[in-house]
Amino acid sequence: MALYAIGDLHLSLTADKSMEVFGPAWENYVERIEASLSRLTEEDVLVLAGDTSWGIDLAEAEADFLFLDRFPCKKYLIKGNHDYWWTTAAKLHRFFEQHDIHTMAMLHNNCFFYGDYAICGTRGWFWEEEQKPHNSKVLNREVGRLETSLKAAEGRPILCFLHYPPLYQGYRCPEILDVLKKYHVDLCCYGHLHGPAIRRRIEGTEDGTEFSLISADYLGFCPKKICD
Ligand SMILES: [Fe+2]
Ligand SMILES: [Fe+2]
């Protein structure tokens, strides 16, 4: 039994937006995902840190979910900036029920317990979303969601998963970083960075939180083992 995480699978089994156009790093990526997820067991837990499917709605994402559901590990999903299929929790639960999908749950304004740990997370905020005037409403909403998730940990040690990096070479999101610090988050994994942007990732420990990039192309489409 182990906890794994990976972001940005960018599946497109129906939507016809294969990532293979982005060059050799994405070559055969669906087959590589299939090979690595096949090694996880029913006992394992996998956090999917956003940008899971290119589907613009649940109908278009259906094939991607059915593909993922074939792997028996439990999957906790957070929202990425490309997850246009993401809808209300009630609609997603109904969709999973209707399609006999039993391995997935949404990590959104909540947390899940794993051993002594709490698994928390939300989409987060990134400079790409910076608008003029500053879009504080969206930022505040994400900070609120993060805090709701971290509070649900009820004091357990926290493993936090964000889609957007809260820090990046040349960029910091102080509002998100302050919350991570306030709740003494042990580990913060993030995705979203692809291709040349991977060079600008920040990894290592700051204010007691370890930061780690888990985007799929960075990990070679093999989920990162977080702990046993
Ligand atoms: Fe992505
Ligand atoms: Fe993204």
# chains A, B, ... in the order shown; residues from 1 in each chain; ligands from 1
$ residues_near_ligand --ligand "ligand 1" --cutoff "9 Å" --atoms "only C-alpha atoms and all ligand atoms" --output "tab-separated table (two decimals) with N, CA and C atoms, in the first residue's frame"
chain	number	residue	atom	x	y	z
A	7	GLY	N	0.39	14.74	-11.94
A	7	GLY	CA	-0.51	15.75	-12.49
A	7	GLY	C	-0.48	15.72	-14.01
A	8	ASP	N	-1.47	16.37	-14.61
A	8	ASP	CA	-1.37	16.69	-16.04
A	8	ASP	C	-1.31	15.48	-16.97
A	9	LEU	N	-2.17	14.51	-16.75
A	9	LEU	CA	-2.20	13.38	-17.69
A	9	LEU	C	-2.69	13.83	-19.07
A	10	HIS	N	-3.48	14.90	-19.09
A	10	HIS	CA	-3.98	15.46	-20.37
A	10	HIS	C	-4.50	14.38	-21.31
A	50	GLY	N	-4.78	17.52	-11.38
A	50	GLY	CA	-5.34	18.47	-12.34
A	50	GLY	C	-4.91	18.24	-13.77
A	51	ASP	N	-5.64	18.87	-14.71
A	51	ASP	CA	-5.44	18.67	-16.16
A	51	ASP	C	-5.47	17.17	-16.47
A	52	THR	N	-6.51	16.52	-15.99
A	52	THR	CA	-6.61	15.07	-16.17
A	52	THR	C	-7.14	14.73	-17.56
A	80	GLY	N	-7.68	21.09	-12.56
A	80	GLY	CA	-6.64	21.86	-13.24
A	80	GLY	C	-7.29	22.95	-14.09
A	81	ASN	N	-6.48	23.77	-14.72
A	81	ASN	CA	-7.05	24.86	-15.52
A	81	ASN	C	-7.68	24.37	-16.82
A	82	HIS	N	-7.37	23.13	-17.23
A	82	HIS	CA	-7.96	22.61	-18.47
A	82	HIS	C	-9.11	21.64	-18.24
A	163	HIS	N	-2.78	22.25	-8.29
A	163	HIS	CA	-2.44	22.17	-9.72
A	163	HIS	C	-1.39	23.23	-10.07
A	191	GLY	N	1.57	20.72	-10.18
A	191	GLY	CA	1.75	20.33	-11.57
A	191	GLY	C	1.83	21.55	-12.47
A	192	HIS	N	1.19	21.47	-13.61
A	192	HIS	CA	0.98	22.56	-14.55
A	192	HIS	C	2.20	22.94	-15.40
A	193	LEU	N	3.41	22.73	-14.89
A	193	LEU	CA	4.59	23.16	-15.66
A	193	LEU	C	4.98	22.06	-16.64
A	194	HIS	N	5.09	22.46	-17.90
A	194	HIS	CA	5.43	21.50	-18.96
A	194	HIS	C	6.60	22.03	-19.79
A	215	SER	N	4.25	17.19	-12.53
A	215	SER	CA	3.58	17.14	-13.85
A	215	SER	C	4.06	15.88	-14.58
A	216	ALA	N	3.16	15.30	-15.37
A	216	ALA	CA	3.41	13.97	-15.94
A	216	ALA	C	4.64	13.93	-16.85
$ residues_around --residues "Trp86 in chain A" --least-positions-apart "6" --cutoff "12 Å" --atoms "only C-alpha atoms" --output "list in words"
Gly50, Asp51, Thr52, Ser53, Trp54, Gly55, Ile56, Asp57, Leu58, Ala59, Glu60, Ala61, Glu62, Leu77, Ile78, Lys79, Gly80, Leu92, His93, Phe95, Met106, Leu107, His108 and Arg123 of chain A
$ closest_atom_pairs --of "range 72-170 of chain A" --to "range 224-228 of chain A" --cutoff "10 Å" --atoms "only C-alpha atoms" --output "Markdown table"
| residue | atom | partner | partner_atom | distance |
| --- | --- | --- | --- | --- |
| A:Tyr114 | CA | A:Asp228 | CA | 9.6 |
| A:Gly115 | CA | A:Asp228 | CA | 9.0 |
| A:Tyr117 | CA | A:Cys227 | CA | 9.9 |
| A:Leu159 | CA | A:Ile226 | CA | 8.9 |
$ select_by_dssp --residues "range 86-225 of chain A" --states "strand (DSSP E)" --output "NGL selection string"
:A and (104-106 or 112-114 or 117-122 or 158-162 or 167-168 or 171-172 or 187-190 or 204-206 or 209-213 or 224-225)
$ write_last_selection --atoms "N, CA and C atoms" --output "JSON list (two decimals), in the first residue's frame"
[["chain", "number", "residue", "atom", "x", "y", "z"],
["A", 104, "MET", "N", -12.92, 6.72, -8.06],
["A", 104, "MET", "CA", -12.56, 8.14, -8.09],
["A", 104, "MET", "C", -13.35, 8.97, -7.09],
["A", 105, "ALA", "N", -12.66, 9.98, -6.56],
["A", 105, "ALA", "CA", -13.31, 10.93, -5.67],
["A", 105, "ALA", "C", -12.66, 12.29, -5.90],
["A", 106, "MET", "N", -13.43, 13.34, -5.65],
["A", 106, "MET", "CA", -12.93, 14.68, -5.90],
["A", 106, "MET", "C", -12.32, 15.26, -4.62],
["A", 112, "PHE", "N", -8.86, 13.89, 2.50],
["A", 112, "PHE", "CA", -8.96, 12.44, 2.70],
["A", 112, "PHE", "C", -7.86, 12.04, 3.65],
["A", 113, "PHE", "N", -8.13, 11.04, 4.45],
["A", 113, "PHE", "CA", -7.10, 10.58, 5.38],
["A", 113, "PHE", "C", -6.37, 9.38, 4.78],
["A", 114, "TYR", "N", -5.08, 9.39, 4.99],
["A", 114, "TYR", "CA", -4.24, 8.28, 4.51],
["A", 114, "TYR", "C", -3.27, 7.97, 5.64],
["A", 117, "TYR", "N", -1.73, 10.66, 7.82],
["A", 117, "TYR", "CA", -1.70, 11.90, 7.04],
["A", 117, "TYR", "C", -3.08, 12.35, 6.58],
["A", 118, "ALA", "N", -3.17, 13.64, 6.32],
["A", 118, "ALA", "CA", -4.33, 14.18, 5.62],
["A", 118, "ALA", "C", -3.86, 14.58, 4.22],
["A", 119, "ILE", "N", -4.64, 14.17, 3.23],
["A", 119, "ILE", "CA", -4.37, 14.55, 1.84],
["A", 119, "ILE", "C", -5.30, 15.72, 1.52],
["A", 120, "CYS", "N", -4.71, 16.88, 1.28],
["A", 120, "CYS", "CA", -5.49, 18.10, 1.05],
["A", 120, "CYS", "C", -5.16, 18.63, -0.35],
["A", 121, "GLY", "N", -5.96, 19.60, -0.79],
["A", 121, "GLY", "CA", -5.59, 20.21, -2.07],
["A", 121, "GLY", "C", -6.69, 21.02, -2.71],
["A", 122, "THR", "N", -6.27, 21.78, -3.71],
["A", 122, "THR", "CA", -7.18, 22.56, -4.55],
["A", 122, "THR", "C", -6.41, 22.97, -5.80],
["A", 158, "ILE", "N", 0.08, 17.19, 7.06],
["A", 158, "ILE", "CA", -0.61, 17.46, 5.80],
["A", 158, "ILE", "C", 0.28, 17.27, 4.58],
["A", 159, "LEU", "N", -0.27, 16.51, 3.62],
["A", 159, "LEU", "CA", 0.30, 16.42, 2.28],
["A", 159, "LEU", "C", -0.66, 17.17, 1.37],
["A", 160, "CYS", "N", -0.16, 18.24, 0.74],
["A", 160, "CYS", "CA", -1.06, 19.12, -0.01],
["A", 160, "CYS", "C", -0.74, 19.04, -1.51],
["A", 161, "PHE", "N", -1.79, 19.02, -2.32],
["A", 161, "PHE", "CA", -1.63, 18.92, -3.77],
["A", 161, "PHE", "C", -2.34, 20.10, -4.43],
["A", 162, "LEU", "N", -1.60, 20.83, -5.23],
["A", 162, "LEU", "CA", -2.15, 21.97, -5.97],
["A", 162, "LEU", "C", -1.90, 21.72, -7.45],
["A", 167, "LEU", "N", 4.93, 28.64, -6.16],
["A", 167, "LEU", "CA", 6.16, 29.39, -6.37],
["A", 167, "LEU", "C", 6.89, 28.78, -7.57],
["A", 168, "TYR", "N", 7.72, 29.62, -8.17],
["A", 168, "TYR", "CA", 8.22, 29.35, -9.51],
["A", 168, "TYR", "C", 9.35, 30.34, -9.67],
["A", 171, "TYR", "N", 8.39, 34.03, -9.69],
["A", 171, "TYR", "CA", 6.98, 34.19, -9.30],
["A", 171, "TYR", "C", 6.73, 33.55, -7.94],
["A", 172, "ARG", "N", 5.96, 34.23, -7.12],
["A", 172, "ARG", "CA", 5.48, 33.66, -5.85],
["A", 172, "ARG", "C", 4.04, 34.09, -5.68],
["A", 187, "LEU", "N", 4.31, 18.78, 2.92],
["A", 187, "LEU", "CA", 4.70, 18.59, 1.52],
["A", 187, "LEU", "C", 3.67, 19.26, 0.62],
["A", 188, "CYS", "N", 4.14, 19.99, -0.37],
["A", 188, "CYS", "CA", 3.23, 20.59, -1.35],
["A", 188, "CYS", "C", 3.70, 20.17, -2.75],
["A", 189, "CYS", "N", 2.90, 19.33, -3.39],
["A", 189, "CYS", "CA", 3.20, 18.91, -4.76],
["A", 189, "CYS", "C", 2.34, 19.74, -5.71],
["A", 190, "TYR", "N", 2.88, 20.09, -6.85],
["A", 190, "TYR", "CA", 2.13, 20.89, -7.83],
["A", 190, "TYR", "C", 2.45, 20.40, -9.24],
["A", 204, "GLY", "N", 12.44, 21.76, -3.10],
["A", 204, "GLY", "CA", 13.19, 21.93, -1.86],
["A", 204, "GLY", "C", 12.28, 22.46, -0.77],
["A", 205, "THR", "N", 12.86, 22.73, 0.39],
["A", 205, "THR", "CA", 12.05, 23.09, 1.56],
["A", 205, "THR", "C", 12.14, 24.58, 1.83],
["A", 206, "GLU", "N", 10.98, 25.16, 2.09],
["A", 206, "GLU", "CA", 10.90, 26.58, 2.45],
["A", 206, "GLU", "C", 9.86, 26.74, 3.55],
["A", 209, "THR", "N", 7.91, 23.64, 4.51],
["A", 209, "THR", "CA", 7.16, 22.88, 3.50],
["A", 209, "THR", "C", 8.10, 22.47, 2.37],
["A", 210, "GLU", "N", 8.04, 21.18, 2.03],
["A", 210, "GLU", "CA", 8.83, 20.70, 0.90],
["A", 210, "GLU", "C", 8.00, 20.85, -0.38],
["A", 211, "PHE", "N", 8.59, 21.41, -1.41],
["A", 211, "PHE", "CA", 7.87, 21.62, -2.68],
["A", 211, "PHE", "C", 8.40, 20.65, -3.75],
["A", 212, "SER", "N", 7.48, 20.15, -4.57],
["A", 212, "SER", "CA", 7.89, 19.17, -5.56],
["A", 212, "SER", "C", 6.97, 19.21, -6.78],
["A", 213, "LEU", "N", 7.56, 19.24, -7.96],
["A", 213, "LEU", "CA", 6.79, 19.24, -9.21],
["A", 213, "LEU", "C", 6.42, 17.81, -9.59],
["A", 224, "LYS", "N", 4.77, 9.70, -8.90],
["A", 224, "LYS", "CA", 5.79, 9.81, -7.85],
["A", 224, "LYS", "C", 5.27, 9.14, -6.58],
["A", 225, "LYS", "N", 6.10, 8.31, -5.97],
["A", 225, "LYS", "CA", 5.69, 7.71, -4.70],
["A", 225, "LYS", "C", 5.89, 8.73, -3.59]]
$ residues_around --residues "Val30 in chain A" --least-positions-apart "4" --cutoff "10 Å" --atoms "only C-alpha atoms" --output "JSON, numbers by chain"
{"A": [9, 10, 11, 12, 13, 18, 19, 20, 26, 34, 35, 67, 221]}
